[in-house]
Amino acid sequence: MANTDFHLQFQDFGDDADLMGSSTGTTRITIDDHTTKPQKQRRVAGVVEEDETDPLESDDTDKLLSGQKKNAPFWTFEYYQTFFDVDTSQVKDRIIGSVVPWPGKNFVRFYIRNNPDLYGPFWICATLVFAVAISGNICSFLVNYGQPQYKYVPEFRKVTIAATAIYSYAWFVPLAVWGFLTWRNSKISRTVSYSFLEIVCVYGYSLSIYIPAVVLWIIPSEPLRWCSIILALCLSGSVLILTFWPAIRDDHPRIVIAVTSAIAVLHVLLAVGCKAYFFSTYEALTTENAPGPASVTKGFLTTKAH
Amino acid sequence: MAEVVDVNKPLFAGLSDVSIAEDIPVEGDIAVPVRSQSGDDEISTLDEPVKDTILRDLKAVGQKFVHVLYPKKSSALLRDWDLWGPLLLCVTLALMLQGGSADSKDDGGPQFAEVFVIVWFGSIIITLNSKLLGGTISFFQSLCVLGYCILPLTVAMLVCRLVLLGSMEVGGFIIRLVVVTASFGWSTFASTAFLADSQPPNRKALVVYPVFLFYFVISWMILTFSPSH
């Protein structure tokens with residue numbers, strides 16, 4: 001009985017310095033209330049309840065509480081541990097939420113809830129890098145299977161190229177978007193603003209739809225590829241736009257259109273670029289001009305119209 | 001005196017309920033050092049013949065290989081970690097992955113340095129990941145486990161090279177596929193058996209997935225190895 005009252009009331013975190021110190025999830029057993037849940041979880045529970053009552057107005061308190069969480073100095077390990085404070089179910093929900101665009105549920109407010117993590121973006125990008133490289137390799141192998149001069153090469157250099165492209169997209173585009181939003185923030189006041197990590201999170205999780213799409217691209221059928229790329233683009237692009245819409249809708253209409261189309265165009269460019277570079281059916285990729293191993297290069301130079 | 005003992009008995013009686021895991025083999029030296037023939041009290045491994053030192057380390061490495069091949073829940077790998085085994089395995093794997101598609105300077109198989117970087121850098125990233133997620137395992141213990149669990153994949157690489165010496169096309173590929181898949185599953189299962197206990201329970205999948213990805217990439221490199229004819 002006392003416990004439920006305790007949870008429903010606004011919890012006073014004002015004067016407890018120990019509370020912030022123990023933000024790494026250690027369990028503190030307090031004798032006065034009979035709960036032994038970690039303090040951190042209780043605090044997050046308090047934030048969640050506030051969120052559900054006033055979604056967008058609690059920006060100030062959200063900012064305050066998110067500032068309280070990352071209180072460790074940036075050169076300690078605990079500071080970075082706060083970015084990995086997610087459970088398996090949370091990651092799963094975030095991935096599903098990034099694929100299904102639901103107009104009512106803003107991805108940042110509903111799923112991230114002031115707990116942006118770096119686990120999702122990092123490992124989704126890593127998986128996507130390897131998926132693209134491996135699928136591209138399998139695809140070029142399947143396309144050239146019958147040809148006698150074809151010698152299978154595991155194109156390992158493509159992994160580095162894919163990694164550079166995908167990781168720069170996942171880090172520099174959020175940086176640009178965040179920088180732009182912050183700059184516009186000084187001109188107009190807005191109700192919703194996102195932190196840099198939340199934007200990184202959104203972009204990272206929105207890339208997760210590409211992983212099954214890329215695996216589907218192994219099948220060498222152009223209509224199927226275009227269908228899957230358009231479907232993936234629609235889903236993740238709409239999640240992105242729905243997420244950023246509340247942040248830019250107060251702005252000048254031309255700026256709104258410019259930003260929205262920039263976000264969409266960059267997303268399209270990444271998908272189409274990956275498809276064109278790694279899954280090209282025209283084998284003009286590896287052209288060696290050296291006159292040495294002529295038989296191998298001839299195999300690579302044959303073009304195959306689809 | 002007897003009463004004192006009896007009074008003490010109920011106080012410590014609970015200790016008998018503490019179970020010591022019986023599968024933890026007790027290893028290590030707790031003997032009083034009386035080895036040296038000269039009666040010198042100072043014992044140091046500098047005095048022993050080199051053969052003894054090397055053999056002792058090799059025996060420890062070999063013992064851990066056996067633990068990896070038959071992964072049951074034992075903490076021997078974690079307690080006496082060493083990085084010799086992983087280094088040996090990594091160098092062997094990288095050497096065996098050479099000599100493929102020799103005419104390609106680019107777009108060929110992975111170079112020696114690339115394999116090395118992938119194995120060690122990948123292990124470091126996975127270890128950092130598990131520590132950031134709140135794992136209780138130490139940095140080098142985790143490196144040790146991940147490195148030792150490459151052993152099944154190295155064995156698979158050996159088998160693949162032997163199979164490739166023959167000239168069966170599709171049949172050889174199927175054999176290689178089966179062997180590499182089996183050893184990939186074995187590696188992942190072995191490392192999970194050692195690492196899983198040190199993670200908080202609701203994040204186990206988050207920690208196991210990168211390990212899965214790591215061994216998947218190494219298996220892919222092994223499977224796509226194509227020697228130059």
# chains A, B, ... in the order shown; residues from 1 in each chain; ligands from 1
$ residues_around --residues "Leu213 in chain B" --least-positions-apart "3" --cutoff "12 Å" --atoms "only C-alpha atoms" --output "VMD selection string"
(chain A and resid 123 to 124 126 to 131) or (chain B and resid 118 to 119 122 to 123 125 to 126 184 to 185 187 to 188 206 to 210 216 to 220)
$ closest_atom_pairs --of "range 96-144 of chain A" --to "range 184-206 of chain A" --cutoff "7 Å" --atoms "only C-alpha atoms" --output "Markdown table"
| residue | atom | partner | partner_atom | distance |
| --- | --- | --- | --- | --- |
| A:Ser98 | CA | A:Ser206 | CA | 5.3 |
| A:Val99 | CA | A:Ser206 | CA | 6.8 |
| A:Val108 | CA | A:Glu198 | CA | 6.8 |
| A:Pro116 | CA | A:Glu198 | CA | 5.5 |
| A:Asp117 | CA | A:Cys201 | CA | 6.7 |
| A:Leu118 | CA | A:Cys201 | CA | 6.9 |
| A:Gly120 | CA | A:Tyr205 | CA | 6.4 |
| A:Pro121 | CA | A:Gly204 | CA | 3.9 |
| A:Ile124 | CA | A:Gly204 | CA | 6.8 |
| A:Cys125 | CA | A:Gly204 | CA | 6.9 |
$ write_last_selection --atoms "N, CA and C atoms" --output "mmCIF file, in the first residue's frame"
data_model
loop_
_atom_site.group_PDB
_atom_site.id
_atom_site.type_symbol
_atom_site.label_atom_id
_atom_site.label_comp_id
_atom_site.auth_asym_id
_atom_site.auth_seq_id
_atom_site.Cartn_x
_atom_site.Cartn_y
_atom_site.Cartn_z
ATOM 1 N N SER A 98 11.040 1.847 -35.257
ATOM 2 C CA SER A 98 11.667 2.609 -36.329
ATOM 3 C C SER A 98 11.201 2.135 -37.687
ATOM 4 N N VAL A 99 10.551 0.985 -37.731
ATOM 5 C CA VAL A 99 10.128 0.445 -39.004
ATOM 6 C C VAL A 99 8.665 0.774 -39.280
ATOM 7 N N VAL A 108 11.112 9.574 -30.923
ATOM 8 C CA VAL A 108 11.995 10.014 -29.845
ATOM 9 C C VAL A 108 11.237 10.049 -28.525
ATOM 10 N N PRO A 116 18.662 7.859 -24.701
ATOM 11 C CA PRO A 116 19.252 7.477 -25.981
ATOM 12 C C PRO A 116 20.412 6.530 -25.752
ATOM 13 N N ASP A 117 20.515 5.559 -26.613
ATOM 14 C CA ASP A 117 21.585 4.594 -26.428
ATOM 15 C C ASP A 117 22.463 4.592 -27.668
ATOM 16 N N LEU A 118 23.676 4.175 -27.482
ATOM 17 C CA LEU A 118 24.576 4.053 -28.623
ATOM 18 C C LEU A 118 24.692 2.616 -29.087
ATOM 19 N N GLY A 120 22.270 0.499 -30.163
ATOM 20 C CA GLY A 120 21.488 0.286 -31.372
ATOM 21 C C GLY A 120 22.160 0.845 -32.612
ATOM 22 N N PRO A 121 22.430 2.148 -32.643
ATOM 23 C CA PRO A 121 23.058 2.697 -33.853
ATOM 24 C C PRO A 121 24.351 1.995 -34.213
ATOM 25 N N ILE A 124 23.657 -1.781 -35.337
ATOM 26 C CA ILE A 124 22.871 -1.867 -36.563
ATOM 27 C C ILE A 124 23.721 -1.449 -37.755
ATOM 28 N N CYS A 125 24.529 -0.396 -37.584
ATOM 29 C CA CYS A 125 25.413 0.006 -38.680
ATOM 30 C C CYS A 125 26.426 -1.084 -38.989
#
$ interface_residues --of "chain A" --to "chain B" --cutoff "10 Å" --atoms "only C-alpha atoms" --output "PDB file with C-alpha atoms, in the first residue's frame"
ATOM      1  CA  THR A  24      25.451   3.152 -12.602  1.00  0.00           C
ATOM      2  CA  GLY A  25      22.667   0.870 -11.550  1.00  0.00           C
ATOM      3  CA  PHE A  77      33.918   4.810 -17.811  1.00  0.00           C
ATOM      4  CA  GLU A  78      30.603   5.391 -16.052  1.00  0.00           C
ATOM      5  CA  TYR A  79      29.827   8.315 -18.333  1.00  0.00           C
ATOM      6  CA  TYR A  80      29.854   6.048 -21.362  1.00  0.00           C
ATOM      7  CA  GLN A  81      27.958   3.360 -19.544  1.00  0.00           C
ATOM      8  CA  THR A  82      24.982   5.682 -19.367  1.00  0.00           C
ATOM      9  CA  PHE A  83      24.736   5.414 -23.139  1.00  0.00           C
ATOM     10  CA  PHE A  84      24.343   1.662 -22.997  1.00  0.00           C
ATOM     11  CA  ASP A  85      21.602   1.581 -20.460  1.00  0.00           C
ATOM     12  CA  VAL A  86      19.116  -0.498 -22.412  1.00  0.00           C
ATOM     13  CA  ASP A  87      17.597  -3.918 -22.113  1.00  0.00           C
ATOM     14  CA  THR A  88      16.955  -6.436 -24.835  1.00  0.00           C
ATOM     15  CA  SER A  89      13.244  -5.692 -24.887  1.00  0.00           C
ATOM     16  CA  GLN A  90      13.859  -1.973 -25.200  1.00  0.00           C
ATOM     17  CA  VAL A  91      16.170  -2.443 -28.165  1.00  0.00           C
ATOM     18  CA  LYS A  92      13.645  -4.720 -29.794  1.00  0.00           C
ATOM     19  CA  TYR A 119      24.207   0.280 -28.722  1.00  0.00           C
ATOM     20  CA  GLY A 120      21.488   0.286 -31.372  1.00  0.00           C
ATOM     21  CA  TRP A 123      25.564  -2.471 -33.984  1.00  0.00           C
ATOM     22  CA  ALA A 126      27.975  -2.769 -38.180  1.00  0.00           C
ATOM     23  CA  THR A 127      25.455  -5.422 -39.221  1.00  0.00           C
ATOM     24  CA  PHE A 130      28.688  -6.660 -43.296  1.00  0.00           C
ATOM     25  CA  ALA A 131      25.288  -7.448 -44.780  1.00  0.00           C
ATOM     26  CA  ILE A 134      28.468 -10.089 -48.077  1.00  0.00           C
ATOM     27  CA  ASN A 137      29.678 -10.545 -52.956  1.00  0.00           C
ATOM     28  CA  ILE A 138      27.114 -13.351 -53.168  1.00  0.00           C
ATOM     29  CA  LYS A 151      37.248 -16.477 -60.841  1.00  0.00           C
ATOM     30  CA  TYR A 152      35.527 -15.879 -57.578  1.00  0.00           C
ATOM     31  CA  VAL A 153      37.133 -13.178 -55.535  1.00  0.00           C
ATOM     32  CA  PRO A 154      36.022 -12.337 -52.034  1.00  0.00           C
ATOM     33  CA  GLU A 155      36.046  -8.594 -52.408  1.00  0.00           C
ATOM     34  CA  PHE A 156      37.251  -7.733 -49.013  1.00  0.00           C
ATOM     35  CA  ARG A 157      38.066  -4.104 -49.727  1.00  0.00           C
ATOM     36  CA  LYS A 158      34.391  -3.420 -50.145  1.00  0.00           C
ATOM     37  CA  THR A 286      37.156  -4.026 -61.195  1.00  0.00           C
ATOM     38  CA  GLU A 288      42.579  -3.563 -64.116  1.00  0.00           C
ATOM     39  CA  GLY A 292      49.361  -8.990 -66.880  1.00  0.00           C
ATOM     40  CA  PRO A 293      46.629 -11.348 -65.833  1.00  0.00           C
ATOM     41  CA  VAL A 296      40.888 -12.626 -65.119  1.00  0.00           C
TER      42      VAL A 296
END
$ closest_residue --among "A:Ala264, A:Ala163, A:Ala72, A:Leu224" --to "Ile241 in chain A" --atoms "only C-alpha atoms"
A:Ala264
$ atom_distance --atom1 "CA of Pro223 in chain A" --atom2 "CA of Val143 in chain A"
15.9 Å
$ select_by_dssp --residues "range 19-222 of chain B" --states "alpha helix (DSSP H)" --output "number ranges by chain"
B: 50-69, 76-79, 84-96, 112-132, 139-148, 151-165, 170-195, 204-222
$ write_last_selection --atoms "C-alpha atoms" --output "tab-separated table (two decimals), in the first residue's frame"
chain	number	residue	atom	x	y	z
B	50	VAL	CA	63.74	-22.86	-20.21
B	51	LYS	CA	62.16	-26.12	-21.21
B	52	ASP	CA	60.18	-26.16	-17.97
B	53	THR	CA	58.87	-22.66	-18.47
B	54	ILE	CA	57.81	-23.26	-22.02
B	55	LEU	CA	56.26	-26.60	-21.25
B	56	ARG	CA	54.30	-25.16	-18.37
B	57	ASP	CA	52.84	-22.42	-20.54
B	58	LEU	CA	52.14	-24.83	-23.36
B	59	LYS	CA	50.39	-27.15	-20.98
B	60	ALA	CA	48.20	-24.32	-19.73
B	61	VAL	CA	47.35	-23.34	-23.29
B	62	GLY	CA	46.61	-26.94	-24.21
B	63	GLN	CA	44.38	-27.35	-21.21
B	64	LYS	CA	42.34	-24.36	-22.27
B	65	PHE	CA	42.04	-25.77	-25.76
B	66	VAL	CA	40.48	-28.86	-24.23
B	67	HIS	CA	38.10	-26.67	-22.26
B	68	VAL	CA	37.01	-24.95	-25.45
B	69	LEU	CA	36.51	-28.19	-27.30
B	76	ALA	CA	39.10	-22.29	-15.62
B	77	LEU	CA	39.33	-20.21	-18.76
B	78	LEU	CA	38.28	-17.15	-16.89
B	79	ARG	CA	40.48	-17.48	-13.86
B	84	TRP	CA	49.18	-16.87	-25.86
B	85	GLY	CA	46.48	-19.17	-27.13
B	86	PRO	CA	44.55	-16.44	-28.92
B	87	LEU	CA	47.75	-15.12	-30.47
B	88	LEU	CA	48.70	-18.56	-31.71
B	89	LEU	CA	45.26	-19.17	-33.15
B	90	CYS	CA	45.05	-15.77	-34.78
B	91	VAL	CA	48.45	-16.09	-36.44
B	92	THR	CA	47.64	-19.61	-37.66
B	93	LEU	CA	44.30	-18.49	-39.07
B	94	ALA	CA	45.80	-15.44	-40.76
B	95	LEU	CA	48.61	-17.51	-42.29
B	96	MET	CA	46.19	-20.09	-43.60
B	112	PHE	CA	47.41	-10.98	-43.01
B	113	ALA	CA	47.14	-7.63	-41.29
B	114	GLU	CA	43.45	-7.41	-42.05
B	115	VAL	CA	42.71	-10.74	-40.40
B	116	PHE	CA	44.77	-9.74	-37.41
B	117	VAL	CA	43.01	-6.41	-37.10
B	118	ILE	CA	39.58	-7.96	-37.46
B	119	VAL	CA	40.20	-10.58	-34.82
B	120	TRP	CA	41.81	-8.35	-32.23
B	121	PHE	CA	39.90	-5.18	-32.91
B	122	GLY	CA	36.65	-7.12	-33.05
B	123	SER	CA	37.40	-8.81	-29.74
B	124	ILE	CA	38.23	-5.50	-28.12
B	125	ILE	CA	35.02	-3.93	-29.35
B	126	ILE	CA	32.94	-6.84	-28.13
B	127	THR	CA	34.64	-6.72	-24.75
B	128	LEU	CA	34.03	-2.99	-24.47
B	129	ASN	CA	30.45	-3.55	-25.47
B	130	SER	CA	29.87	-6.15	-22.80
B	131	LYS	CA	31.53	-4.03	-20.16
B	132	LEU	CA	29.51	-0.99	-21.13
B	139	PHE	CA	38.79	-6.91	-20.05
B	140	PHE	CA	41.50	-9.51	-20.54
B	141	GLN	CA	39.37	-12.40	-19.43
B	142	SER	CA	36.91	-11.59	-22.15
B	143	LEU	CA	39.67	-11.21	-24.75
B	144	CYS	CA	41.01	-14.57	-23.65
B	145	VAL	CA	37.65	-16.32	-24.02
B	146	LEU	CA	36.90	-14.81	-27.40
B	147	GLY	CA	40.35	-15.65	-28.67
B	148	TYR	CA	40.31	-19.24	-27.49
B	151	LEU	CA	39.84	-22.73	-32.16
B	152	PRO	CA	36.93	-24.56	-33.86
B	153	LEU	CA	37.08	-22.08	-36.74
B	154	THR	CA	40.82	-22.62	-37.14
B	155	VAL	CA	40.24	-26.35	-37.29
B	156	ALA	CA	37.57	-25.74	-39.91
B	157	MET	CA	40.04	-23.67	-41.92
B	158	LEU	CA	42.46	-26.58	-41.88
B	159	VAL	CA	39.75	-28.93	-43.08
B	160	CYS	CA	38.74	-26.47	-45.80
B	161	ARG	CA	42.27	-26.23	-47.11
B	162	LEU	CA	42.52	-29.99	-47.20
B	163	VAL	CA	39.22	-30.24	-49.04
B	164	LEU	CA	40.34	-27.60	-51.52
B	165	LEU	CA	43.38	-29.71	-52.36
B	170	VAL	CA	30.06	-28.51	-55.72
B	171	GLY	CA	30.70	-31.43	-53.41
B	172	GLY	CA	33.72	-29.70	-51.94
B	173	PHE	CA	31.73	-26.57	-51.41
B	174	ILE	CA	29.00	-28.43	-49.59
B	175	ILE	CA	31.50	-30.12	-47.33
B	176	ARG	CA	33.15	-26.81	-46.57
B	177	LEU	CA	29.81	-25.18	-45.92
B	178	VAL	CA	28.79	-27.87	-43.47
B	179	VAL	CA	32.11	-27.85	-41.66
B	180	VAL	CA	32.26	-24.07	-41.38
B	181	THR	CA	28.67	-23.82	-40.20
B	182	ALA	CA	29.21	-26.47	-37.57
B	183	SER	CA	32.35	-24.84	-36.24
B	184	PHE	CA	30.68	-21.42	-36.26
B	185	GLY	CA	27.90	-22.79	-34.11
B	186	TRP	CA	30.43	-24.48	-31.86
B	187	SER	CA	32.47	-21.30	-31.38
B	188	THR	CA	29.44	-19.20	-30.60
B	189	PHE	CA	28.08	-21.78	-28.21
B	190	ALA	CA	31.42	-22.19	-26.46
B	191	SER	CA	31.99	-18.48	-25.96
B	192	THR	CA	28.44	-17.97	-24.79
B	193	ALA	CA	28.87	-20.73	-22.24
B	194	PHE	CA	31.81	-18.88	-20.77
B	195	LEU	CA	30.57	-15.34	-21.07
B	204	LYS	CA	22.14	-11.39	-22.44
B	205	ALA	CA	20.92	-11.21	-26.02
B	206	LEU	CA	22.47	-7.78	-26.43
B	207	VAL	CA	25.84	-9.21	-25.48
B	208	VAL	CA	25.58	-12.46	-27.43
B	209	TYR	CA	24.62	-10.82	-30.71
B	210	PRO	CA	27.98	-9.09	-31.36
B	211	VAL	CA	29.77	-12.35	-30.60
B	212	PHE	CA	27.53	-14.04	-33.15
B	213	LEU	CA	28.34	-11.32	-35.72
B	214	PHE	CA	32.07	-11.61	-35.01
B	215	TYR	CA	32.24	-15.34	-35.56
B	216	PHE	CA	29.94	-15.03	-38.55
B	217	VAL	CA	32.35	-12.65	-40.25
B	218	ILE	CA	35.30	-14.94	-39.53
B	219	SER	CA	33.35	-17.92	-40.86
B	220	TRP	CA	32.56	-15.96	-43.97
B	221	MET	CA	36.23	-15.23	-44.52
B	222	ILE	CA	37.02	-18.93	-44.11
$ atom_distance --atom1 "CA of Ile211 in chain A" --atom2 "CA of Ile229 in chain A"
11.0 Å
$ atom_distance --atom1 "CA of Arg254 in chain A" --atom2 "CA of Leu270 in chain A"
24.3 Å
$ closest_residue --among "A:Ala165, A:Ile219, A:Leu231, A:Ile95" --to "Leu269 in chain A" --atoms "only C-alpha atoms"
A:Ala165
